[in-house]
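Engineer: Sharing data-v5.txt below, compact mmCIF, N, CA and C atoms:
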```txt
# COMPACT_ATOMS: atom_id res chain seq x y z
N MET A 1238 245.13 93.51 -24.64
CA MET A 1238 245.40 93.84 -23.28
C MET A 1238 244.27 93.29 -22.43
N MET A 1239 244.66 92.72 -21.34
CA MET A 1239 243.72 92.08 -20.47
C MET A 1239 243.29 93.02 -19.36
N ALA A 1240 242.01 93.07 -19.12
CA ALA A 1240 241.52 93.95 -18.07
C ALA A 1240 241.63 93.25 -16.75
N SER A 1241 242.07 93.98 -15.78
CA SER A 1241 242.19 93.38 -14.47
C SER A 1241 240.90 93.60 -13.70
N VAL A 1242 240.58 92.62 -12.86
CA VAL A 1242 239.34 92.66 -12.11
C VAL A 1242 239.68 92.94 -10.67
N SER A 1243 238.99 93.90 -10.08
CA SER A 1243 239.25 94.23 -8.69
C SER A 1243 238.57 93.22 -7.77
N ASP A 1244 238.99 93.21 -6.53
CA ASP A 1244 238.40 92.29 -5.53
C ASP A 1244 236.90 92.52 -5.39
N LYS A 1245 236.46 93.77 -5.43
CA LYS A 1245 235.04 94.09 -5.31
C LYS A 1245 234.26 93.50 -6.47
N GLU A 1246 234.82 93.66 -7.66
CA GLU A 1246 234.14 93.13 -8.84
C GLU A 1246 234.09 91.60 -8.79
N LEU A 1247 235.19 90.99 -8.30
CA LEU A 1247 235.23 89.53 -8.18
C LEU A 1247 234.19 89.04 -7.18
N ASP A 1248 234.06 89.77 -6.05
CA ASP A 1248 233.04 89.42 -5.05
C ASP A 1248 231.64 89.54 -5.64
N ALA A 1249 231.43 90.51 -6.47
CA ALA A 1249 230.11 90.70 -7.07
C ALA A 1249 229.80 89.59 -8.05
N MET A 1250 230.83 89.01 -8.66
CA MET A 1250 230.60 87.95 -9.64
C MET A 1250 230.39 86.58 -9.01
N THR A 1251 230.77 86.40 -7.77
CA THR A 1251 230.60 85.11 -7.10
C THR A 1251 229.80 85.29 -5.83
N SER A 1252 229.11 84.26 -5.45
CA SER A 1252 228.34 84.31 -4.21
C SER A 1252 229.24 83.86 -3.07
N GLU A 1253 228.66 83.86 -1.88
CA GLU A 1253 229.42 83.40 -0.71
C GLU A 1253 229.80 81.94 -0.83
N SER A 1254 228.98 81.19 -1.53
CA SER A 1254 229.25 79.77 -1.65
C SER A 1254 230.26 79.46 -2.73
N GLY A 1255 230.65 80.48 -3.48
CA GLY A 1255 231.61 80.25 -4.55
C GLY A 1255 230.95 80.03 -5.89
N ALA A 1256 229.62 80.08 -5.96
CA ALA A 1256 228.92 79.89 -7.22
C ALA A 1256 229.00 81.18 -8.02
N PRO A 1257 229.14 81.08 -9.35
CA PRO A 1257 229.19 82.31 -10.15
C PRO A 1257 227.89 83.10 -10.00
N ALA A 1258 228.02 84.40 -9.95
CA ALA A 1258 226.86 85.26 -9.77
C ALA A 1258 226.23 85.60 -11.10
N ARG A 1259 224.90 85.72 -11.10
CA ARG A 1259 224.21 86.21 -12.28
C ARG A 1259 224.22 87.73 -12.24
N GLU A 1260 223.64 88.30 -13.23
CA GLU A 1260 223.58 89.76 -13.25
C GLU A 1260 222.87 90.27 -12.02
N GLY A 1261 223.31 91.34 -11.49
CA GLY A 1261 222.70 91.96 -10.33
C GLY A 1261 223.22 91.37 -9.04
N GLY A 1262 224.28 90.52 -9.09
CA GLY A 1262 224.88 89.98 -7.87
C GLY A 1262 224.15 88.80 -7.27
N VAL A 1263 223.09 88.27 -7.94
CA VAL A 1263 222.36 87.12 -7.42
C VAL A 1263 223.10 85.86 -7.84
N PRO A 1264 223.35 84.95 -6.91
CA PRO A 1264 224.10 83.74 -7.27
C PRO A 1264 223.35 82.88 -8.28
N ALA A 1265 224.08 82.30 -9.21
CA ALA A 1265 223.47 81.40 -10.19
C ALA A 1265 223.18 80.05 -9.52
N ARG A 1266 222.15 79.39 -10.00
CA ARG A 1266 221.80 78.07 -9.44
C ARG A 1266 222.73 77.01 -10.01
N ARG A 1267 223.15 76.14 -9.18
CA ARG A 1267 223.94 75.01 -9.64
C ARG A 1267 222.98 73.91 -10.03
N SER A 1268 223.29 73.23 -11.08
CA SER A 1268 222.43 72.10 -11.43
C SER A 1268 222.78 70.95 -10.51
N ARG A 1269 221.78 70.37 -9.92
CA ARG A 1269 222.01 69.26 -8.99
C ARG A 1269 221.65 67.96 -9.67
N VAL A 1270 222.53 67.03 -9.59
CA VAL A 1270 222.26 65.69 -10.10
C VAL A 1270 221.64 64.91 -8.96
N ALA A 1271 220.54 64.21 -9.27
CA ALA A 1271 219.86 63.45 -8.23
C ALA A 1271 220.79 62.38 -7.69
N GLU A 1272 220.98 62.41 -6.39
CA GLU A 1272 221.83 61.42 -5.75
C GLU A 1272 220.98 60.27 -5.27
N ALA A 1273 221.56 59.08 -5.31
CA ALA A 1273 220.85 57.89 -4.80
C ALA A 1273 220.66 58.05 -3.31
N PRO A 1274 219.48 57.69 -2.80
CA PRO A 1274 219.26 57.81 -1.36
C PRO A 1274 220.18 56.86 -0.60
N THR A 1275 220.62 57.33 0.54
CA THR A 1275 221.47 56.52 1.39
C THR A 1275 220.61 55.47 2.07
N PRO A 1276 221.00 54.19 1.99
CA PRO A 1276 220.18 53.17 2.65
C PRO A 1276 220.16 53.39 4.16
N ILE A 1277 219.01 53.17 4.74
CA ILE A 1277 218.85 53.33 6.19
C ILE A 1277 219.30 52.02 6.84
N PRO A 1278 220.27 52.08 7.74
CA PRO A 1278 220.79 50.85 8.33
C PRO A 1278 219.90 50.24 9.40
N HIS A 1279 218.81 50.86 9.73
CA HIS A 1279 217.92 50.35 10.77
C HIS A 1279 216.48 50.41 10.26
N ASP A 1280 215.59 49.79 10.99
CA ASP A 1280 214.18 49.78 10.61
C ASP A 1280 213.59 51.17 10.90
N PRO A 1281 213.06 51.86 9.86
CA PRO A 1281 212.51 53.19 10.12
C PRO A 1281 211.19 53.16 10.89
N PHE A 1282 210.57 51.97 10.99
CA PHE A 1282 209.31 51.82 11.72
C PHE A 1282 209.48 50.75 12.78
N PRO A 1283 210.25 51.01 13.83
CA PRO A 1283 210.54 49.94 14.79
C PRO A 1283 209.34 49.53 15.64
N TYR A 1284 208.28 50.31 15.65
CA TYR A 1284 207.15 49.99 16.52
C TYR A 1284 205.98 49.36 15.79
N ARG A 1285 206.17 49.01 14.53
CA ARG A 1285 205.06 48.39 13.80
C ARG A 1285 204.89 46.95 14.27
N ALA A 1286 203.68 46.47 14.15
CA ALA A 1286 203.36 45.10 14.56
C ALA A 1286 204.04 44.12 13.61
N PRO A 1287 204.51 42.97 14.13
CA PRO A 1287 205.11 41.98 13.24
C PRO A 1287 204.06 41.40 12.30
N LEU A 1288 204.53 40.94 11.17
CA LEU A 1288 203.61 40.34 10.21
C LEU A 1288 203.02 39.08 10.79
N ALA A 1289 201.73 38.90 10.60
CA ALA A 1289 201.06 37.70 11.09
C ALA A 1289 201.47 36.52 10.22
N PRO A 1290 201.63 35.34 10.84
CA PRO A 1290 201.97 34.18 10.02
C PRO A 1290 200.82 33.83 9.08
N ALA A 1291 201.17 33.21 8.00
CA ALA A 1291 200.14 32.81 7.03
C ALA A 1291 199.21 31.78 7.68
N VAL A 1292 197.93 31.90 7.43
CA VAL A 1292 196.96 30.97 7.99
C VAL A 1292 196.96 29.71 7.13
N PRO A 1293 197.13 28.54 7.76
CA PRO A 1293 197.10 27.29 6.98
C PRO A 1293 195.73 27.07 6.34
N THR A 1294 195.69 26.16 5.41
CA THR A 1294 194.43 25.86 4.73
C THR A 1294 193.45 25.20 5.69
N ARG A 1295 192.19 25.22 5.33
CA ARG A 1295 191.15 24.65 6.19
C ARG A 1295 191.38 23.16 6.45
N PRO A 1296 191.75 22.35 5.45
CA PRO A 1296 192.00 20.93 5.74
C PRO A 1296 193.14 20.71 6.74
N VAL A 1297 194.16 21.55 6.67
CA VAL A 1297 195.28 21.43 7.63
C VAL A 1297 194.79 21.79 9.03
N LEU A 1298 194.01 22.85 9.15
CA LEU A 1298 193.47 23.25 10.46
C LEU A 1298 192.54 22.17 11.02
N ASP A 1299 191.72 21.58 10.16
CA ASP A 1299 190.82 20.52 10.61
C ASP A 1299 191.62 19.31 11.12
N SER A 1300 192.65 18.95 10.39
CA SER A 1300 193.49 17.82 10.79
C SER A 1300 194.19 18.09 12.13
N ALA A 1301 194.70 19.30 12.29
CA ALA A 1301 195.35 19.67 13.56
C ALA A 1301 194.35 19.62 14.71
N GLY A 1302 193.12 20.08 14.45
CA GLY A 1302 192.08 20.02 15.48
C GLY A 1302 191.75 18.60 15.88
N GLU A 1303 191.69 17.70 14.90
CA GLU A 1303 191.43 16.28 15.20
C GLU A 1303 192.55 15.68 16.05
N LEU A 1304 193.77 16.01 15.73
CA LEU A 1304 194.89 15.50 16.53
C LEU A 1304 194.83 15.99 17.97
N LEU A 1305 194.53 17.27 18.13
CA LEU A 1305 194.45 17.82 19.49
C LEU A 1305 193.27 17.24 20.26
N ARG A 1306 192.15 16.99 19.57
CA ARG A 1306 191.00 16.35 20.24
C ARG A 1306 191.36 14.93 20.67
N ALA A 1307 192.15 14.25 19.84
CA ALA A 1307 192.55 12.88 20.19
C ALA A 1307 193.41 12.86 21.44
N LEU A 1308 194.09 13.93 21.72
CA LEU A 1308 194.96 14.00 22.90
C LEU A 1308 194.26 14.63 24.10
N ALA A 1309 192.98 14.92 23.99
CA ALA A 1309 192.28 15.71 24.99
C ALA A 1309 191.81 14.95 26.22
N ALA A 1310 192.18 13.70 26.38
CA ALA A 1310 191.77 12.93 27.57
C ALA A 1310 193.01 12.57 28.40
N PRO A 1311 192.91 12.66 29.72
CA PRO A 1311 194.06 12.34 30.56
C PRO A 1311 194.62 10.94 30.33
N VAL A 1312 193.77 9.95 30.09
CA VAL A 1312 194.25 8.59 29.88
C VAL A 1312 195.05 8.53 28.57
N ARG A 1313 194.59 9.22 27.55
CA ARG A 1313 195.31 9.21 26.28
C ARG A 1313 196.65 9.93 26.40
N ILE A 1314 196.69 10.99 27.18
CA ILE A 1314 197.96 11.67 27.44
C ILE A 1314 198.92 10.71 28.14
N ALA A 1315 198.42 9.96 29.13
CA ALA A 1315 199.26 8.99 29.84
C ALA A 1315 199.74 7.88 28.90
N ILE A 1316 198.88 7.45 27.99
CA ILE A 1316 199.27 6.41 27.03
C ILE A 1316 200.39 6.93 26.13
N VAL A 1317 200.26 8.14 25.63
CA VAL A 1317 201.30 8.72 24.77
C VAL A 1317 202.62 8.83 25.54
N LEU A 1318 202.56 9.25 26.78
CA LEU A 1318 203.79 9.34 27.59
C LEU A 1318 204.44 7.97 27.78
N GLN A 1319 203.62 6.95 27.98
CA GLN A 1319 204.16 5.59 28.13
C GLN A 1319 204.77 5.10 26.82
N LEU A 1320 204.08 5.30 25.72
CA LEU A 1320 204.58 4.85 24.42
C LEU A 1320 205.79 5.66 23.96
N ARG A 1321 205.96 6.81 24.53
CA ARG A 1321 207.15 7.62 24.23
C ARG A 1321 208.40 6.91 24.74
N GLU A 1322 208.25 6.21 25.86
CA GLU A 1322 209.39 5.48 26.44
C GLU A 1322 209.73 4.24 25.63
N SER A 1323 208.70 3.47 25.23
CA SER A 1323 208.92 2.25 24.44
C SER A 1323 207.57 1.72 23.97
N PRO A 1324 207.56 0.91 22.89
CA PRO A 1324 206.31 0.28 22.45
C PRO A 1324 205.78 -0.64 23.55
N ARG A 1325 204.46 -0.71 23.67
CA ARG A 1325 203.83 -1.51 24.72
C ARG A 1325 202.61 -2.23 24.18
N CYS A 1326 202.26 -3.32 24.84
CA CYS A 1326 201.00 -3.99 24.53
C CYS A 1326 199.94 -3.52 25.52
N VAL A 1327 198.69 -3.89 25.27
CA VAL A 1327 197.58 -3.39 26.07
C VAL A 1327 197.73 -3.76 27.54
N HIS A 1328 198.10 -5.01 27.82
CA HIS A 1328 198.16 -5.41 29.24
C HIS A 1328 199.27 -4.67 29.99
N GLU A 1329 200.35 -4.29 29.32
CA GLU A 1329 201.38 -3.48 29.99
C GLU A 1329 200.84 -2.09 30.32
N LEU A 1330 200.06 -1.52 29.42
CA LEU A 1330 199.45 -0.21 29.69
C LEU A 1330 198.43 -0.29 30.81
N VAL A 1331 197.65 -1.39 30.83
CA VAL A 1331 196.67 -1.59 31.91
C VAL A 1331 197.39 -1.63 33.26
N ASP A 1332 198.47 -2.40 33.33
CA ASP A 1332 199.22 -2.53 34.59
C ASP A 1332 199.85 -1.20 35.02
N THR A 1333 200.43 -0.49 34.07
CA THR A 1333 201.13 0.76 34.39
C THR A 1333 200.16 1.87 34.77
N LEU A 1334 199.05 1.98 34.04
CA LEU A 1334 198.13 3.10 34.25
C LEU A 1334 197.07 2.82 35.31
N GLY A 1335 196.86 1.55 35.64
CA GLY A 1335 195.88 1.22 36.66
C GLY A 1335 194.44 1.43 36.23
N VAL A 1336 194.16 1.26 34.94
CA VAL A 1336 192.79 1.36 34.43
C VAL A 1336 192.42 0.03 33.77
N THR A 1337 191.15 -0.13 33.44
CA THR A 1337 190.69 -1.41 32.91
C THR A 1337 191.14 -1.61 31.45
N GLN A 1338 191.18 -2.87 31.04
CA GLN A 1338 191.58 -3.21 29.68
C GLN A 1338 190.63 -2.63 28.64
N PRO A 1339 189.30 -2.71 28.84
CA PRO A 1339 188.41 -2.11 27.84
C PRO A 1339 188.63 -0.59 27.67
N LEU A 1340 188.92 0.09 28.78
CA LEU A 1340 189.15 1.53 28.70
C LEU A 1340 190.43 1.83 27.92
N VAL A 1341 191.51 1.10 28.19
CA VAL A 1341 192.77 1.30 27.46
C VAL A 1341 192.56 1.00 25.98
N SER A 1342 191.85 -0.07 25.67
CA SER A 1342 191.59 -0.43 24.27
C SER A 1342 190.79 0.65 23.56
N GLN A 1343 189.80 1.19 24.25
CA GLN A 1343 188.98 2.26 23.65
C GLN A 1343 189.84 3.48 23.34
N HIS A 1344 190.68 3.89 24.27
CA HIS A 1344 191.54 5.05 24.06
C HIS A 1344 192.59 4.78 22.97
N LEU A 1345 193.12 3.56 22.92
CA LEU A 1345 194.06 3.23 21.86
C LEU A 1345 193.39 3.29 20.49
N ARG A 1346 192.14 2.88 20.41
CA ARG A 1346 191.40 2.93 19.15
C ARG A 1346 191.26 4.38 18.67
N ILE A 1347 190.97 5.29 19.60
CA ILE A 1347 190.85 6.72 19.25
C ILE A 1347 192.20 7.27 18.78
N LEU A 1348 193.26 6.91 19.52
CA LEU A 1348 194.59 7.39 19.13
C LEU A 1348 195.02 6.81 17.78
N LYS A 1349 194.65 5.57 17.54
CA LYS A 1349 195.00 4.93 16.27
C LYS A 1349 194.24 5.58 15.11
N SER A 1350 192.96 5.86 15.29
CA SER A 1350 192.18 6.47 14.21
C SER A 1350 192.65 7.90 13.92
N ALA A 1351 193.25 8.56 14.90
CA ALA A 1351 193.77 9.91 14.70
C ALA A 1351 195.19 9.89 14.14
N GLY A 1352 195.77 8.71 13.99
CA GLY A 1352 197.12 8.62 13.43
C GLY A 1352 198.23 8.89 14.42
N VAL A 1353 197.91 8.81 15.71
CA VAL A 1353 198.91 9.06 16.74
C VAL A 1353 199.72 7.80 17.03
N VAL A 1354 199.03 6.64 17.08
CA VAL A 1354 199.69 5.36 17.34
C VAL A 1354 199.39 4.37 16.22
N ARG A 1355 200.21 3.35 16.15
CA ARG A 1355 199.95 2.23 15.24
C ARG A 1355 200.20 0.95 16.02
N GLY A 1356 199.53 -0.08 15.62
CA GLY A 1356 199.68 -1.36 16.30
C GLY A 1356 200.19 -2.42 15.34
N GLU A 1357 201.03 -3.30 15.87
CA GLU A 1357 201.56 -4.41 15.09
C GLU A 1357 201.28 -5.70 15.85
N ARG A 1358 200.57 -6.60 15.20
CA ARG A 1358 200.19 -7.85 15.84
C ARG A 1358 201.38 -8.80 15.88
N THR A 1359 201.62 -9.35 17.06
CA THR A 1359 202.62 -10.41 17.23
C THR A 1359 201.94 -11.52 18.04
N GLY A 1360 201.51 -12.55 17.35
CA GLY A 1360 200.77 -13.62 18.02
C GLY A 1360 199.40 -13.14 18.41
N ARG A 1361 199.09 -13.26 19.71
CA ARG A 1361 197.78 -12.84 20.21
C ARG A 1361 197.78 -11.39 20.70
N GLU A 1362 198.93 -10.80 20.76
CA GLU A 1362 199.03 -9.43 21.29
C GLU A 1362 199.27 -8.42 20.17
N VAL A 1363 198.87 -7.20 20.45
CA VAL A 1363 199.17 -6.09 19.55
C VAL A 1363 200.12 -5.15 20.30
N ILE A 1364 201.26 -4.89 19.69
CA ILE A 1364 202.22 -3.96 20.28
C ILE A 1364 201.97 -2.58 19.68
N TYR A 1365 201.72 -1.61 20.54
CA TYR A 1365 201.44 -0.25 20.09
C TYR A 1365 202.67 0.62 20.24
N GLU A 1366 202.85 1.53 19.26
CA GLU A 1366 203.95 2.50 19.31
C GLU A 1366 203.47 3.81 18.70
N LEU A 1367 204.19 4.87 19.02
CA LEU A 1367 203.85 6.18 18.45
C LEU A 1367 204.24 6.21 16.98
N VAL A 1368 203.43 6.88 16.18
CA VAL A 1368 203.74 7.03 14.76
C VAL A 1368 204.98 7.90 14.59
N ASP A 1369 205.07 8.99 15.33
CA ASP A 1369 206.28 9.84 15.35
C ASP A 1369 206.34 10.60 16.66
N ASP A 1370 207.41 11.36 16.84
CA ASP A 1370 207.62 12.06 18.11
C ASP A 1370 206.97 13.44 18.19
N HIS A 1371 206.41 13.94 17.09
CA HIS A 1371 205.84 15.28 17.12
C HIS A 1371 204.79 15.45 18.20
N LEU A 1372 203.84 14.53 18.24
CA LEU A 1372 202.76 14.66 19.21
C LEU A 1372 203.25 14.38 20.63
N ALA A 1373 204.23 13.50 20.76
CA ALA A 1373 204.78 13.25 22.09
C ALA A 1373 205.40 14.53 22.65
N ARG A 1374 206.05 15.31 21.81
CA ARG A 1374 206.63 16.57 22.26
C ARG A 1374 205.53 17.55 22.70
N ILE A 1375 204.43 17.57 21.97
CA ILE A 1375 203.31 18.43 22.36
C ILE A 1375 202.78 18.01 23.72
N VAL A 1376 202.63 16.70 23.92
CA VAL A 1376 202.12 16.19 25.21
C VAL A 1376 203.10 16.51 26.33
N VAL A 1377 204.39 16.29 26.10
CA VAL A 1377 205.40 16.57 27.13
C VAL A 1377 205.38 18.06 27.48
N ASP A 1378 205.29 18.92 26.47
CA ASP A 1378 205.23 20.36 26.74
C ASP A 1378 203.96 20.75 27.50
N ALA A 1379 202.84 20.13 27.15
CA ALA A 1379 201.58 20.44 27.86
C ALA A 1379 201.66 20.01 29.32
N VAL A 1380 202.24 18.84 29.56
CA VAL A 1380 202.39 18.35 30.95
C VAL A 1380 203.34 19.26 31.73
N ALA A 1381 204.44 19.65 31.11
CA ALA A 1381 205.39 20.55 31.78
C ALA A 1381 204.74 21.89 32.09
N HIS A 1382 203.94 22.39 31.16
CA HIS A 1382 203.25 23.66 31.39
C HIS A 1382 202.25 23.52 32.55
N ALA A 1383 201.53 22.41 32.61
CA ALA A 1383 200.57 22.19 33.70
C ALA A 1383 201.28 22.08 35.05
N GLU A 1384 202.47 21.48 35.05
CA GLU A 1384 203.21 21.34 36.31
C GLU A 1384 203.75 22.69 36.80
N GLU A 1385 204.01 23.62 35.86
CA GLU A 1385 204.51 24.95 36.25
C GLU A 1385 203.45 25.80 36.92
N GLY A 1386 202.21 25.63 36.46
CA GLY A 1386 201.16 26.55 36.89
C GLY A 1386 200.39 26.08 38.02
```
Here is the file; what I need is its structure written in the form of structure tokens.
Structural biologist:
Amino acid sequence: MMASVSDKELDAMTSESGAPAREGGVPARRSRVAEAPTPIPHDPFPYRAPLAPAVPTRPVLDSAGELLRALAAPVRIAIVLQLRESPRCVHELVDTLGVTQPLVSQHLRILKSAGVVRGERTGREVIYELVDDHLARIVVDAVAHAEEG
């Protein structure tokens, strides 16, 4: 014969949460399985400083400094801007820039030693051109910045 359980007795055996009660009416603990943490869809530290870029090696920094020093004279900036348009010989640069031939030659020598320009001899003249457009873009940006301010 099965004993029937009254509602009071049933309430005493279970807690409000539905967990079986231990002796004395105290709810039994449920074993909890560790749940995987929910991924956070946003940055939990939105105000932290951005990571600093890696510092290049000393030889790279030295080389970049030499290139910038080679561009540090107004006449050399003007030469780079002219050579950006097309390759030129010394007398064309003299005529366009309105400076003396020895001065243009001196500045071209500095630009050539820094790897900014190269010269190709054709007969008695040397035609100068930019090695690449990277430095021309730096010069154009510097000139545009100076015109803004």
Engineer: For Ile1364 in chain A, which residue out of A:Cys1326, A:Val1292, A:Ala1301, A:Ala1315 is the nearest one, using all atoms listed in the file?
Structural biologist: A:Cys1326
Engineer: Would you please work out which residue, of A:Tyr1284, A:Val1312, A:Leu1298, A:Val1368, is nearest to Gly1356 in chain A when using all atoms listed in the file?
Structural biologist: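 Closest to Gly1356 in chain A, using all atoms listed in the file: A:Val1368.
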Engineer: Distance CA of Leu1345 in chain A-atom C of Arg1295 in chain A, one decimal place?
Structural biologist: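 Atom-to-atom, CA of Leu1345 in chain A and atom C of Arg1295 in chain A are spaced 25.3 Å apart.
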Engineer: Which polymer residues have any atom within 7 Å of an atom of Val1353 in chain A, counting all atoms listed in the file, with same-chain residues fewer than 3 positions away left out, as a PyMOL selection string?
Structural biologist: chain A and resi 1347-1350+1366-1369
Engineer: Report, in Å with one decimal, the straight-line distance from CA of Arg1346 in chain A to CA of Val1327 in chain A.
Structural biologist: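 Calculated distance between CA of Arg1346 in chain A and CA of Val1327 in chain A is 11.2 Å.
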Engineer: Work out how far atom N of Tyr1365 in chain A is from atom C of Ser1323 in chain A, in Å to one decimal.
Structural biologist: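 Separation between atom C of Ser1323 in chain A and atom N of Tyr1365 in chain A: 7.6 Å.
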Engineer: Report the residues of range 1262-1383 of chain A whose backbone DSSP state falls under helix (DSSP H, G or I), written as a ChimeraX atom specification.
Structural biologist: /A:1262,1295-1307,1311-1322,1327-1334,1338-1350,1371-1383
Engineer: Just want the 10 Å neighbourhood of Leu1334 in chain A, counted on only C-alpha atoms, with same-chain residues fewer than 3 positions away dropped. Output as a PyMOL selection string.
Structural biologist: chain A and resi 1312+1315-1316+1319+1328-1331+1337+1341
Engineer: Can you list every residue in range 1330-1366 of chain A that DSSP puts in strand (DSSP E or B), as a list in words?
Structural biologist: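 Across range 1330-1366 of chain A, those assigned strand (DSSP E or B) are Val1354, Arg1355, Gly1356, Glu1357, Arg1358, Thr1359, Glu1362, Val1363, Ile1364, Tyr1365 and Glu1366 of chain A.
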Engineer: A:Val1363, A:Ala1351, A:Ala1291, A:Val1377: which is nearest Ala1307 in chain A, counting only C-alpha atoms?
Structural biologist: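 Under the stated criterion, the closest residue is A:Ala1351.
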Engineer: Would you please take range 1292-1306 of chain A of the structure in the block above and write N, CA and C atoms to a file as a compact mmCIF listing (two decimals), in the first residue's frame?
Structural biologist:
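Okay, this is what ended up in out.txt:
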```txt
# COMPACT_ATOMS: atom_id res chain seq x y z
N VAL A 1292 58.62 50.08 -32.99
CA VAL A 1292 59.68 51.01 -33.36
C VAL A 1292 60.60 50.31 -34.36
N PRO A 1293 60.84 50.94 -35.52
CA PRO A 1293 61.76 50.32 -36.50
C PRO A 1293 63.17 50.20 -35.93
N THR A 1294 63.97 49.42 -36.60
CA THR A 1294 65.36 49.24 -36.15
C THR A 1294 66.14 50.53 -36.34
N ARG A 1295 67.25 50.62 -35.65
CA ARG A 1295 68.09 51.83 -35.72
C ARG A 1295 68.57 52.12 -37.15
N PRO A 1296 69.02 51.13 -37.92
CA PRO A 1296 69.43 51.43 -39.30
C PRO A 1296 68.29 51.99 -40.16
N VAL A 1297 67.08 51.50 -39.94
CA VAL A 1297 65.93 52.03 -40.70
C VAL A 1297 65.67 53.47 -40.30
N LEU A 1298 65.72 53.76 -39.01
CA LEU A 1298 65.51 55.14 -38.54
C LEU A 1298 66.60 56.07 -39.07
N ASP A 1299 67.84 55.61 -39.07
CA ASP A 1299 68.94 56.42 -39.59
C ASP A 1299 68.74 56.72 -41.08
N SER A 1300 68.34 55.72 -41.83
CA SER A 1300 68.11 55.89 -43.26
C SER A 1300 66.97 56.88 -43.52
N ALA A 1301 65.90 56.75 -42.75
CA ALA A 1301 64.77 57.69 -42.90
C ALA A 1301 65.20 59.11 -42.56
N GLY A 1302 66.04 59.25 -41.53
CA GLY A 1302 66.55 60.58 -41.17
C GLY A 1302 67.39 61.19 -42.28
N GLU A 1303 68.22 60.36 -42.91
CA GLU A 1303 69.04 60.85 -44.03
C GLU A 1303 68.17 61.31 -45.20
N LEU A 1304 67.14 60.57 -45.49
CA LEU A 1304 66.23 60.97 -46.58
C LEU A 1304 65.55 62.30 -46.27
N LEU A 1305 65.09 62.44 -45.04
CA LEU A 1305 64.42 63.70 -44.68
C LEU A 1305 65.39 64.87 -44.67
N ARG A 1306 66.64 64.63 -44.25
CA ARG A 1306 67.65 65.70 -44.30
C ARG A 1306 67.94 66.10 -45.75
```
